[in-house]
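Student: My structure is in data_32.txt, and what it holds is compact mmCIF, C-alpha atoms:
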# COMPACT_ATOMS: atom_id res chain seq x y z
CA MET A 876 107.96 111.22 91.82
CA THR A 877 106.38 108.46 93.91
CA GLU A 878 108.88 105.82 94.95
CA LEU A 879 108.22 102.38 93.48
CA ARG A 880 107.20 99.68 95.93
CA ARG A 881 109.18 96.46 96.13
CA SER A 882 108.29 92.81 96.40
CA PRO A 883 109.56 90.85 99.42
CA LEU A 884 111.60 88.92 96.81
CA HIS A 885 113.33 92.02 95.42
CA GLU A 886 116.82 91.02 96.57
CA ARG A 887 116.37 87.55 95.09
CA HIS A 888 115.52 89.12 91.73
CA VAL A 889 118.61 91.32 91.89
CA GLU A 890 120.78 88.28 92.68
CA LEU A 891 119.33 86.48 89.64
CA GLY A 892 120.22 89.40 87.39
CA ALA A 893 116.64 90.37 86.66
CA LYS A 894 115.82 93.28 84.41
CA LEU A 895 113.59 95.36 86.65
CA ALA A 896 110.98 97.88 85.55
CA ALA A 897 108.02 99.83 86.90
CA PHE A 898 104.72 97.97 86.77
CA GLY A 899 101.57 99.14 88.53
CA GLY A 900 103.59 101.27 90.95
CA TRP A 901 105.98 98.42 91.78
CA GLN A 902 109.51 97.55 90.69
CA MET A 903 109.15 94.04 89.26
CA PRO A 904 111.24 91.61 87.17
CA ILE A 905 110.56 91.69 83.43
CA GLU A 906 113.05 88.94 82.53
CA TYR A 907 116.13 87.26 83.99
CA ALA A 908 119.74 87.49 82.83
CA GLY A 909 121.05 84.78 80.53
CA ARG A 910 117.62 83.54 79.49
CA GLY A 911 115.13 86.15 78.43
CA VAL A 912 111.46 86.14 77.58
CA LEU A 913 111.56 83.43 74.89
CA ALA A 914 113.26 80.87 77.14
CA GLU A 915 111.03 81.71 80.09
CA HIS A 916 107.91 81.44 77.93
CA ALA A 917 109.06 78.05 76.61
CA ALA A 918 109.72 76.78 80.15
CA VAL A 919 106.09 77.44 81.12
CA ARG A 920 104.70 75.76 78.01
CA SER A 921 106.98 72.70 78.30
CA ALA A 922 107.86 72.31 82.00
CA VAL A 923 107.28 74.91 84.70
CA GLY A 924 107.86 78.59 85.36
CA VAL A 925 107.80 80.46 88.66
CA PHE A 926 106.58 84.06 88.75
CA ASP A 927 106.67 86.59 91.56
CA VAL A 928 103.37 88.46 91.32
CA SER A 929 103.38 89.81 94.85
CA HIS A 930 102.53 93.25 93.47
CA LEU A 931 98.93 92.07 93.10
CA GLY A 932 96.57 93.55 95.66
CA LYS A 933 94.99 91.61 98.52
CA ALA A 934 91.98 92.55 100.61
CA ARG A 935 89.50 90.92 102.94
CA VAL A 936 85.78 91.66 103.22
CA ALA A 937 84.47 90.23 106.48
CA GLY A 938 81.33 90.46 108.56
CA PRO A 939 77.70 89.31 108.47
CA GLY A 940 76.52 89.01 104.87
CA ALA A 941 79.96 89.73 103.36
CA VAL A 942 79.29 87.46 100.36
CA ASP A 943 75.95 89.13 99.64
CA PHE A 944 77.53 92.58 99.94
CA VAL A 945 80.37 91.75 97.53
CA ASN A 946 77.86 90.06 95.23
CA ALA A 947 75.83 93.27 95.03
CA CYS A 948 78.95 95.19 93.97
CA LEU A 949 81.01 93.01 91.62
CA THR A 950 79.74 91.56 88.35
CA ASN A 951 80.01 87.81 88.67
CA ASP A 952 77.62 85.81 90.82
CA LEU A 953 79.35 84.52 93.95
CA ARG A 954 76.33 82.32 94.60
CA ARG A 955 77.42 80.22 91.62
CA ILE A 956 80.25 78.93 93.82
CA GLY A 957 80.74 78.08 97.48
CA PRO A 958 83.37 77.89 100.22
CA GLY A 959 86.77 76.78 98.95
CA GLN A 960 86.18 78.09 95.44
CA ALA A 961 87.54 81.16 93.67
CA GLN A 962 85.93 83.23 90.92
CA TYR A 963 87.04 85.70 88.26
CA THR A 964 84.94 88.85 88.47
CA LEU A 965 84.91 92.54 87.53
CA CYS A 966 84.52 95.80 89.38
CA CYS A 967 82.67 98.25 87.13
CA ASP A 968 81.59 101.86 87.49
CA GLU A 969 78.10 103.20 86.84
CA THR A 970 78.80 103.52 83.08
CA GLY A 971 79.84 99.86 82.79
CA GLY A 972 83.52 100.76 82.43
CA VAL A 973 85.89 98.34 84.12
CA VAL A 974 87.62 99.67 87.24
CA ASP A 975 89.44 96.34 87.61
CA ASP A 976 89.23 92.61 87.04
CA LEU A 977 90.06 90.46 90.04
CA ILE A 978 89.76 87.10 91.77
CA ALA A 979 87.37 86.54 94.68
CA TYR A 980 88.09 83.72 97.15
CA TYR A 981 84.89 82.52 98.85
CA TYR A 982 85.87 81.44 102.38
CA ALA A 983 82.46 81.64 104.04
CA ASP A 984 79.29 83.69 103.89
CA ASP A 985 80.98 86.22 106.18
CA ASP A 986 84.47 86.10 104.65
CA VAL A 987 85.65 86.95 101.11
CA PHE A 988 89.29 87.41 100.11
CA LEU A 989 90.03 89.51 97.02
CA VAL A 990 93.06 89.72 94.72
CA PRO A 991 92.83 92.82 92.48
CA ASN A 992 95.50 94.19 90.16
CA ALA A 993 98.32 96.17 91.73
CA ALA A 994 97.55 99.58 90.24
CA ASN A 995 93.82 99.30 90.93
CA SER A 996 93.89 97.77 94.39
CA GLY A 997 93.33 101.08 96.15
CA ALA A 998 90.39 101.98 93.91
CA VAL A 999 88.69 98.60 94.45
CA VAL A 1000 89.23 98.64 98.22
CA GLY A 1001 88.11 102.26 98.42
CA ARG A 1002 84.89 101.65 96.51
CA LEU A 1003 84.01 98.63 98.61
CA ALA A 1004 84.86 100.38 101.89
CA ALA A 1005 82.71 103.38 100.97
CA ALA A 1006 79.72 101.15 100.16
CA ALA A 1007 80.06 98.61 102.98
CA PRO A 1008 77.45 98.47 105.76
CA ALA A 1009 78.62 99.27 109.27
CA ASP A 1010 79.10 95.63 110.28
CA VAL A 1011 81.19 94.64 107.25
CA ALA A 1012 84.90 95.47 107.36
CA VAL A 1013 86.98 95.96 104.21
CA THR A 1014 90.68 95.53 105.05
CA ASP A 1015 93.58 96.31 102.74
CA LEU A 1016 96.16 93.50 103.05
CA HIS A 1017 98.38 94.45 100.11
CA THR A 1018 101.62 93.65 101.92
CA GLY A 1019 100.16 90.94 104.13
CA PHE A 1020 100.68 88.24 101.52
CA ALA A 1021 103.08 87.50 98.69
CA VAL A 1022 101.93 85.70 95.54
CA LEU A 1023 103.97 83.09 93.69
CA ALA A 1024 102.54 81.71 90.44
CA VAL A 1025 103.78 78.19 89.62
CA GLN A 1026 102.69 77.52 86.05
CA GLY A 1027 103.20 74.71 83.54
CA PRO A 1028 102.75 70.96 83.00
CA ALA A 1029 105.19 70.12 85.81
CA SER A 1030 103.56 72.42 88.37
CA VAL A 1031 101.68 69.54 90.02
CA GLU A 1032 104.97 67.74 90.54
CA VAL A 1033 106.52 70.87 92.08
CA LEU A 1034 103.74 71.24 94.62
CA GLY A 1035 103.84 67.53 95.42
CA ALA A 1036 107.55 67.76 96.22
CA LEU A 1037 106.80 70.62 98.62
CA GLY A 1038 104.01 68.70 100.34
CA LEU A 1039 101.39 71.18 99.16
CA PRO A 1040 97.95 70.06 97.91
CA ALA A 1041 97.85 69.78 94.13
CA ASP A 1042 94.70 67.74 93.51
CA GLY A 1043 92.11 70.50 93.63
CA ALA A 1044 89.86 71.30 90.69
CA TYR A 1045 90.41 74.46 88.65
CA MET A 1046 89.59 77.62 90.66
CA THR A 1047 89.49 75.87 94.02
CA PHE A 1048 91.74 76.81 96.92
CA ALA A 1049 92.86 75.44 100.28
CA ASP A 1050 94.60 76.72 103.38
CA ALA A 1051 97.74 74.62 103.72
CA GLU A 1052 101.07 74.58 105.55
CA TRP A 1053 104.65 74.46 104.33
CA LYS A 1054 107.25 73.78 107.03
CA GLY A 1055 104.81 75.05 109.64
CA ARG A 1056 104.11 78.22 107.71
CA PRO A 1057 100.59 78.98 106.40
CA VAL A 1058 100.12 79.24 102.65
CA VAL A 1059 96.99 79.47 100.53
CA VAL A 1060 97.09 77.24 97.44
CA CYS A 1061 94.77 78.08 94.54
CA ARG A 1062 94.49 76.12 91.29
CA SER A 1063 94.62 79.15 89.01
CA GLY A 1064 96.88 81.25 86.81
CA TYR A 1065 97.19 83.56 83.83
CA THR A 1066 99.05 81.37 81.34
CA GLY A 1067 96.54 78.78 80.11
CA GLU A 1068 98.66 75.98 81.53
CA THR A 1069 98.05 73.80 84.57
CA GLY A 1070 99.13 75.97 87.45
CA PHE A 1071 98.79 77.28 90.96
CA GLU A 1072 99.02 80.57 92.79
CA LEU A 1073 100.60 80.34 96.24
CA LEU A 1074 99.87 83.02 98.83
CA PRO A 1075 102.31 82.82 101.75
CA ARG A 1076 102.66 85.49 104.37
CA TRP A 1077 104.82 88.38 103.17
CA GLU A 1078 107.61 87.42 105.59
CA ASP A 1079 107.60 83.78 104.39
CA ALA A 1080 108.00 84.57 100.70
CA VAL A 1081 111.80 84.22 100.45
CA PRO A 1082 112.21 80.68 101.84
CA LEU A 1083 109.20 79.42 99.87
CA TRP A 1084 110.53 81.02 96.66
CA ASP A 1085 113.93 79.42 97.20
CA GLU A 1086 112.51 75.93 97.60
CA VAL A 1087 109.98 76.26 94.77
CA LEU A 1088 112.78 77.39 92.42
CA ALA A 1089 115.09 74.58 93.53
CA VAL A 1090 112.44 71.94 92.79
CA ALA A 1091 111.42 73.61 89.52
CA ALA A 1092 115.05 73.72 88.32
CA ARG A 1093 115.30 69.93 88.67
CA LEU A 1094 112.31 69.65 86.33
CA GLY A 1095 113.62 72.03 83.68
CA GLY A 1096 111.84 75.04 85.14
CA LEU A 1097 112.91 78.68 85.34
CA PRO A 1098 112.11 81.86 87.24
CA CYS A 1099 109.96 83.96 84.91
CA GLY A 1100 109.33 87.68 84.66
CA LEU A 1101 106.36 89.75 83.61
CA GLY A 1102 107.55 89.76 79.99
CA ALA A 1103 106.81 86.05 79.64
CA ARG A 1104 103.62 86.47 81.63
CA ASP A 1105 102.46 88.93 78.96
CA THR A 1106 103.33 86.74 75.96
CA LEU A 1107 101.70 83.72 77.61
CA ARG A 1108 98.45 85.50 78.44
CA THR A 1109 98.28 87.12 75.00
CA GLU A 1110 98.59 83.72 73.31
CA MET A 1111 95.55 82.68 75.34
CA GLY A 1112 93.64 85.88 74.57
CA TYR A 1113 93.36 86.78 78.26
CA PRO A 1114 92.63 90.51 78.71
CA LEU A 1115 94.89 92.84 80.66
CA HIS A 1116 93.35 95.70 82.59
CA GLY A 1117 94.55 99.08 81.36
CA GLN A 1118 94.74 97.74 77.81
CA ASP A 1119 91.98 95.32 76.80
CA LEU A 1120 89.80 96.24 79.78
CA SER A 1121 89.57 99.80 81.06
CA SER A 1122 87.27 102.53 82.32
CA THR A 1123 86.42 103.26 78.67
CA SER A 1124 85.69 99.65 77.69
CA THR A 1125 83.09 97.30 79.11
CA PRO A 1126 82.77 93.56 79.78
CA VAL A 1127 80.34 93.37 76.86
CA GLN A 1128 82.90 94.85 74.46
CA ALA A 1129 85.72 92.69 75.88
CA ARG A 1130 83.69 89.45 75.52
CA SER A 1131 83.79 89.04 79.30
CA GLY A 1132 80.02 88.75 79.66
CA TRP A 1133 80.55 85.22 80.97
CA ALA A 1134 81.89 86.90 84.14
CA VAL A 1135 78.66 88.85 84.67
CA GLY A 1136 75.75 87.54 86.71
CA TRP A 1137 73.11 88.96 84.37
CA ASP A 1138 70.21 87.65 86.47
CA LYS A 1139 71.43 89.26 89.70
CA PRO A 1140 69.22 92.12 90.93
CA ALA A 1141 72.18 94.41 91.60
CA PHE A 1142 75.83 95.00 90.79
CA TRP A 1143 77.78 98.13 89.90
CA GLY A 1144 77.13 99.15 86.28
CA ARG A 1145 74.22 96.75 85.84
CA ASP A 1146 71.81 99.10 84.06
CA ALA A 1147 74.42 100.34 81.59
CA LEU A 1148 75.65 96.83 80.82
CA LEU A 1149 72.15 95.41 80.34
CA ALA A 1150 71.36 98.24 77.92
CA GLU A 1151 74.58 97.69 75.98
CA ARG A 1152 74.03 93.94 75.77
CA ALA A 1153 70.49 94.48 74.45
CA ALA A 1154 71.59 97.00 71.82
CA GLY A 1155 74.77 95.16 70.88
CA PRO A 1156 78.21 96.70 71.49
CA ALA A 1157 79.57 99.23 69.01
CA ARG A 1158 82.91 97.43 69.14
CA SER A 1159 84.23 94.06 70.28
CA LEU A 1160 87.54 92.51 71.26
CA TRP A 1161 89.08 90.32 68.54
CA GLY A 1162 92.36 88.54 67.98
CA LEU A 1163 94.77 89.54 65.21
CA ARG A 1164 97.22 87.11 63.60
CA SER A 1165 99.94 88.66 61.43
CA ASN A 1166 100.27 87.46 57.84
CA ASP A 1167 103.73 88.96 57.46
CA ARG A 1168 106.51 90.07 59.76
CA GLY A 1169 104.50 92.83 61.40
CA ILE A 1170 104.06 92.76 65.18
CA PRO A 1171 101.02 94.62 66.49
CA ARG A 1172 101.50 96.86 69.51
CA PRO A 1173 99.01 98.76 71.70
CA HIS A 1174 97.38 101.86 70.16
CA MET A 1175 98.28 100.95 66.58
CA ARG A 1176 95.47 101.81 64.17
CA VAL A 1177 93.52 98.99 62.49
CA ASN A 1178 92.02 99.64 59.05
CA GLY A 1179 89.72 97.72 56.74
CA ALA A 1180 90.50 96.72 53.16
CA ASP A 1181 88.96 100.01 52.02
CA GLY A 1182 91.19 102.04 54.32
CA ALA A 1183 88.42 102.88 56.78
CA GLU A 1184 89.48 102.95 60.43
CA LEU A 1185 88.03 100.00 62.35
CA GLY A 1186 89.64 100.44 65.77
CA GLU A 1187 92.98 99.98 67.48
CA VAL A 1188 95.24 97.32 68.91
CA THR A 1189 94.94 96.96 72.69
CA SER A 1190 97.59 94.25 73.25
CA GLY A 1191 100.22 92.92 70.88
CA THR A 1192 103.39 90.88 70.92
CA PHE A 1193 105.57 88.36 69.11
CA SER A 1194 104.22 84.89 69.88
CA PRO A 1195 107.13 82.61 70.89
CA THR A 1196 104.97 79.55 70.19
CA LEU A 1197 103.71 80.57 66.74
CA ARG A 1198 106.77 82.62 65.79
CA GLN A 1199 104.60 85.42 64.46
CA GLY A 1200 102.93 88.62 65.57
CA ILE A 1201 99.62 88.36 67.43
CA GLY A 1202 97.42 90.85 69.21
CA LEU A 1203 94.07 91.82 70.62
CA ALA A 1204 92.10 94.76 69.24
CA LEU A 1205 88.83 96.55 69.93
CA LEU A 1206 87.17 96.67 66.52
CA ASP A 1207 83.98 98.01 64.97
CA ARG A 1208 80.88 95.83 65.13
CA SER A 1209 81.09 95.24 61.37
CA VAL A 1210 84.23 93.10 61.78
CA THR A 1211 83.95 89.31 61.92
CA ALA A 1212 86.27 86.30 62.14
CA GLY A 1213 88.25 85.66 58.97
CA ASP A 1214 88.32 89.29 57.86
CA THR A 1215 91.60 90.70 56.58
CA VAL A 1216 92.66 94.02 58.07
CA THR A 1217 95.76 96.17 57.97
CA VAL A 1218 97.66 97.54 60.94
CA ASP A 1219 99.84 100.61 60.76
CA VAL A 1220 103.11 99.25 62.20
CA ARG A 1221 105.32 102.31 62.55
CA GLY A 1222 104.31 103.72 59.20
CA ARG A 1223 104.23 100.40 57.35
CA SER A 1224 101.00 98.60 56.49
CA SER A 1225 100.95 95.04 57.88
CA THR A 1226 98.22 92.58 56.83
CA MET A 1227 96.53 90.58 59.58
CA THR A 1228 93.66 88.11 59.90
CA VAL A 1229 90.87 88.57 62.46
CA VAL A 1230 90.51 85.47 64.66
CA ARG A 1231 88.87 84.33 67.87
CA PRO A 1232 91.47 83.65 70.58
CA PRO A 1233 93.06 81.59 71.98
CA PHE A 1234 95.90 81.58 69.49
CA VAL A 1235 97.41 78.35 70.89
CA SER A 1236 96.13 75.27 72.69
CA ALA A 1237 97.48 74.96 76.23
CA SER A 1238 97.45 71.99 78.57
CA PRO A 1239 94.39 71.18 80.72
CA ARG A 1240 94.14 73.50 83.70
Taking this structure as input, can you express it in the form of structure tokens?

Tutor:
Amino acid sequence: MTELRRSPLHERHVELGAKLAAFGGWQMPIEYAGRGVLAEHAAVRSAVGVFDVSHLGKARVAGPGAVDFVNACLTNDLRRIGPGQAQYTLCCDETGGVVDDLIAYYYADDDVFLVPNAANSGAVVGRLAAAAPADVAVTDLHTGFAVLAVQGPASVEVLGALGLPADGAYMTFADAEWKGRPVVVCRSGYTGETGFELLPRWEDAVPLWDEVLAVAARLGGLPCGLGARDTLRTEMGYPLHGQDLSSTSTPVQARSGWAVGWDKPAFWGRDALLAERAAGPARSLWGLRSNDRGIPRPHMRVNGADGAELGEVTSGTFSPTLRQGIGLALLDRSVTAGDTVTVDVRGRSSTMTVVRPPFVSASPR
């Protein structure tokens, strides 16, 4: 069995009584003792939560024409943005299946920084390295940087107290310093709330974490695990790779076509995705809102009123905000918003309504 990798903050999580579990090949905190997912979720929606997401991958693509090279590989159009801006994009294979979804930081025409998902980082870096021209270097920096996500209405106040820039527009980033240590500050996140992702050097993660948590605590904030991160993102309808996005599902099916530069002459999977968009996808990603006490979970079967199978749940949870079950599901093209479906919840039929996410309204980002 492959040994799980550990965050530079692992000992801090142990000291805080975190429940640790395997995630993407890493041992990461799911929730913290004495609080739990519901309290951590509420802290992000009402004040601020601090997540360790250092398991996320990091890579740099550098050399003449690096932006154009990355742009010819990944789906979104980097030429829509410029230096100092970040962009959500997808790495697809030739069939249009999603290898990963990731964030690209545009530093300069010859310098792009990438943050893929933990489990897929090697695949993304490997594909780019294999395709790169001789003068473009693709460097894996997975343990070169930690990532701290500071999320919630009070996140601006937290960064201000630390002397870090907090006035950037959504999906912009800046190289900053904290106590003489370099840290990248990006206005981004995965919760729907105002938030930031801080990228210090791996060796600087512990002191930065300590100070961020101390400031957050004074504002009613909490350290948060990946359990709350999942409930928060599901309430917003944000897809998770390996569930809502995968090698067997496409951006067209997942309603992520907004992250595709359709007019670009080249990107991986372009022909397959153009053909699927023209024909219309056989299935699409929808939200499910429970009408009873049922809680949808991944791989549960979704049926129509006539009992016909329509698809399956890809993500599902209990919504702490709505106090009911919610989920995402890939469903047949015949399904539309407002339809009533049934979900087989451990042998019991639960009635749910098809909706367009998000399920809740979050604060401005």

Student: Which one of A:Ala979, A:Arg1076, A:Arg935, A:Ala993 sits closest to A:Trp901 if you count only C-alpha atoms?

Tutor: A:Ala993

Student: One number please: atom CA of A:Gly900 to atom CA of A:Leu879, in Å, one decimal.

Tutor: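 Value for the atom CA of A:Gly900-atom CA of A:Leu879 distance: 5.4 Å.
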
Student: Pull the closest atom pair for each residue of stretch 1084-1112 of chain A that gets at most 12 Å from stretch 1153-1162 of chain A, along with the distance in Å to one decimal, counting only C-alpha atoms, ordering rows by chain and then ascending residue number, as JSON lines.

Tutor:
{"residue": "A:Thr1109", "atom": "CA", "partner": "A:Gly1162", "partner_atom": "CA", "distance": 9.3}
{"residue": "A:Glu1110", "atom": "CA", "partner": "A:Gly1162", "partner_atom": "CA", "distance": 9.5}
{"residue": "A:Met1111", "atom": "CA", "partner": "A:Gly1162", "partner_atom": "CA", "distance": 9.9}
{"residue": "A:Gly1112", "atom": "CA", "partner": "A:Gly1162", "partner_atom": "CA", "distance": 7.2}

Student: May I have the selected residues written with C-alpha atoms, as a tab-separated table (two decimals), in the coordinates of the input?

Tutor:
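Result went into part_39.tsv, see below:
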chain	number	residue	atom	x	y	z
A	1109	THR	CA	98.28	87.12	75.00
A	1110	GLU	CA	98.59	83.72	73.31
A	1111	MET	CA	95.55	82.68	75.34
A	1112	GLY	CA	93.64	85.88	74.57

Student: Hey, what's within 7 Å of stretch 998-1014 of chain A if we count only C-alpha atoms and toss same-chain stuff fewer than 4 positions away? As a PDB file with C-alpha atoms, in the coordinates of the input, please?

Tutor:
ATOM      1  CA  ALA A 934      91.980  92.550 100.610  1.00  0.00           C
ATOM      2  CA  ARG A 935      89.500  90.920 102.940  1.00  0.00           C
ATOM      3  CA  VAL A 936      85.780  91.660 103.220  1.00  0.00           C
ATOM      4  CA  ALA A 937      84.470  90.230 106.480  1.00  0.00           C
ATOM      5  CA  GLY A 938      81.330  90.460 108.560  1.00  0.00           C
ATOM      6  CA  PRO A 939      77.700  89.310 108.470  1.00  0.00           C
ATOM      7  CA  ALA A 941      79.960  89.730 103.360  1.00  0.00           C
TER       8      ALA A 941
END

Student: To one decimal place, how far is atom CA of A:Asn995 from atom CA of A:Arg1176 in Å?

Tutor: 26.9 Å

Student: How many Å separate atom CA of A:Met1046 from atom CA of A:Ala1103?

Tutor: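 The value is 22.1 Å.
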
Student: Ranking A:Gly1038, A:Gly1136, A:Gly1186, A:Gly972 by minimum distance to A:Ser1121 and counting all atoms listed in the file, which one comes first?

Tutor: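 Nearest candidate to A:Ser1121 out of A:Gly1038, A:Gly1136, A:Gly1186, A:Gly972: A:Gly972.
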
Student: Can you pull out the residues contacting stretch 1080-1091 of chain A? Cut-off 9 Å, using only C-alpha atoms, and skip same-chain residues under 5 positions away; I want them as a list in words.

Tutor: Pro883, Leu884, Arg887, Ala922, Val923, Gly924, Val925, Asp927, Phe1020, Ala1021, Val1022, Leu1023, Val1025, Ala1029, Ser1030, Glu1032, Val1033, Leu1034, Ala1036, Leu1037, Trp1053, Leu1074, Pro1075, Gly1096, Leu1097 and Pro1098 of chain A

Student: Which of these, A:Leu891, A:Ala918, A:Gly1132, A:Val1220, has the shortest distance to A:Ala1092 once you count all atoms listed in the file?

Tutor: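 The closest residue to A:Ala1092 is A:Ala918.
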
Student: Got a sec: who's within 12 Å of A:Glu906, counting only C-alpha atoms, leaving out chain neighbours fewer than 5 positions off, as a ChimeraX atom specification?

Tutor: /A:888-889,891-896,911-916,924-927,1097-1106

Student: Write out as a ChimeraX atom specification which residues come within 10 Å of A:Leu1197 when counting only C-alpha atoms, dropping same-chain ones fewer than 4 positions away.

Tutor: /A:1110,1164,1193,1201,1234-1235

Student: Give me stretch 915-932 of chain A with N, CA, C and O atoms filled in, as a short mmCIF file (atom, residue, chain, number, x, y, z; two decimals), in the frame of the given file.

Tutor:
data_model
loop_
_atom_site.label_atom_id
_atom_site.label_comp_id
_atom_site.auth_asym_id
_atom_site.auth_seq_id
_atom_site.Cartn_x
_atom_site.Cartn_y
_atom_site.Cartn_z
N GLU A 915 111.95 81.79 78.96
CA GLU A 915 111.03 81.71 80.09
C GLU A 915 109.63 81.28 79.63
O GLU A 915 108.97 80.46 80.28
N HIS A 916 109.19 81.83 78.52
CA HIS A 916 107.91 81.44 77.93
C HIS A 916 107.91 79.94 77.62
O HIS A 916 106.96 79.22 77.96
N ALA A 917 108.97 79.47 76.99
CA ALA A 917 109.06 78.05 76.61
C ALA A 917 109.06 77.15 77.84
O ALA A 917 108.48 76.05 77.82
N ALA A 918 109.70 77.59 78.92
CA ALA A 918 109.72 76.78 80.15
C ALA A 918 108.32 76.55 80.68
O ALA A 918 107.97 75.44 81.13
N VAL A 919 107.47 77.58 80.63
CA VAL A 919 106.09 77.44 81.12
C VAL A 919 105.28 76.49 80.22
O VAL A 919 104.53 75.65 80.71
N ARG A 920 105.45 76.61 78.92
CA ARG A 920 104.70 75.76 78.01
C ARG A 920 105.16 74.29 78.05
O ARG A 920 104.36 73.39 77.85
N SER A 921 106.45 74.06 78.36
CA SER A 921 106.98 72.70 78.30
C SER A 921 107.25 72.06 79.66
O SER A 921 107.24 70.83 79.78
N ALA A 922 107.50 72.86 80.69
CA ALA A 922 107.86 72.31 82.00
C ALA A 922 107.18 73.10 83.11
O ALA A 922 106.04 72.83 83.47
N VAL A 923 107.87 74.10 83.64
CA VAL A 923 107.28 74.91 84.70
C VAL A 923 108.03 76.23 84.81
O VAL A 923 109.24 76.30 84.62
N GLY A 924 107.28 77.29 85.10
CA GLY A 924 107.86 78.59 85.36
C GLY A 924 107.34 79.12 86.68
O GLY A 924 106.21 78.82 87.08
N VAL A 925 108.17 79.91 87.36
CA VAL A 925 107.80 80.46 88.66
C VAL A 925 107.84 81.98 88.58
O VAL A 925 108.88 82.56 88.26
N PHE A 926 106.72 82.61 88.84
CA PHE A 926 106.58 84.06 88.75
C PHE A 926 106.37 84.66 90.14
O PHE A 926 105.62 84.10 90.96
N ASP A 927 107.00 85.78 90.38
CA ASP A 927 106.67 86.59 91.56
C ASP A 927 105.63 87.62 91.13
O ASP A 927 105.92 88.51 90.34
N VAL A 928 104.42 87.49 91.62
CA VAL A 928 103.37 88.46 91.32
C VAL A 928 102.83 89.06 92.62
O VAL A 928 101.64 89.32 92.78
N SER A 929 103.75 89.28 93.54
CA SER A 929 103.38 89.81 94.85
C SER A 929 102.88 91.24 94.78
O SER A 929 102.32 91.76 95.76
N HIS A 930 103.06 91.89 93.63
CA HIS A 930 102.53 93.25 93.47
C HIS A 930 101.01 93.27 93.42
O HIS A 930 100.39 94.31 93.65
N LEU A 931 100.39 92.13 93.12
CA LEU A 931 98.93 92.07 93.10
C LEU A 931 98.36 92.49 94.45
O LEU A 931 98.96 92.23 95.50
N GLY A 932 97.20 93.12 94.42
CA GLY A 932 96.57 93.55 95.66
C GLY A 932 95.97 92.38 96.43
O GLY A 932 95.76 91.29 95.89
#
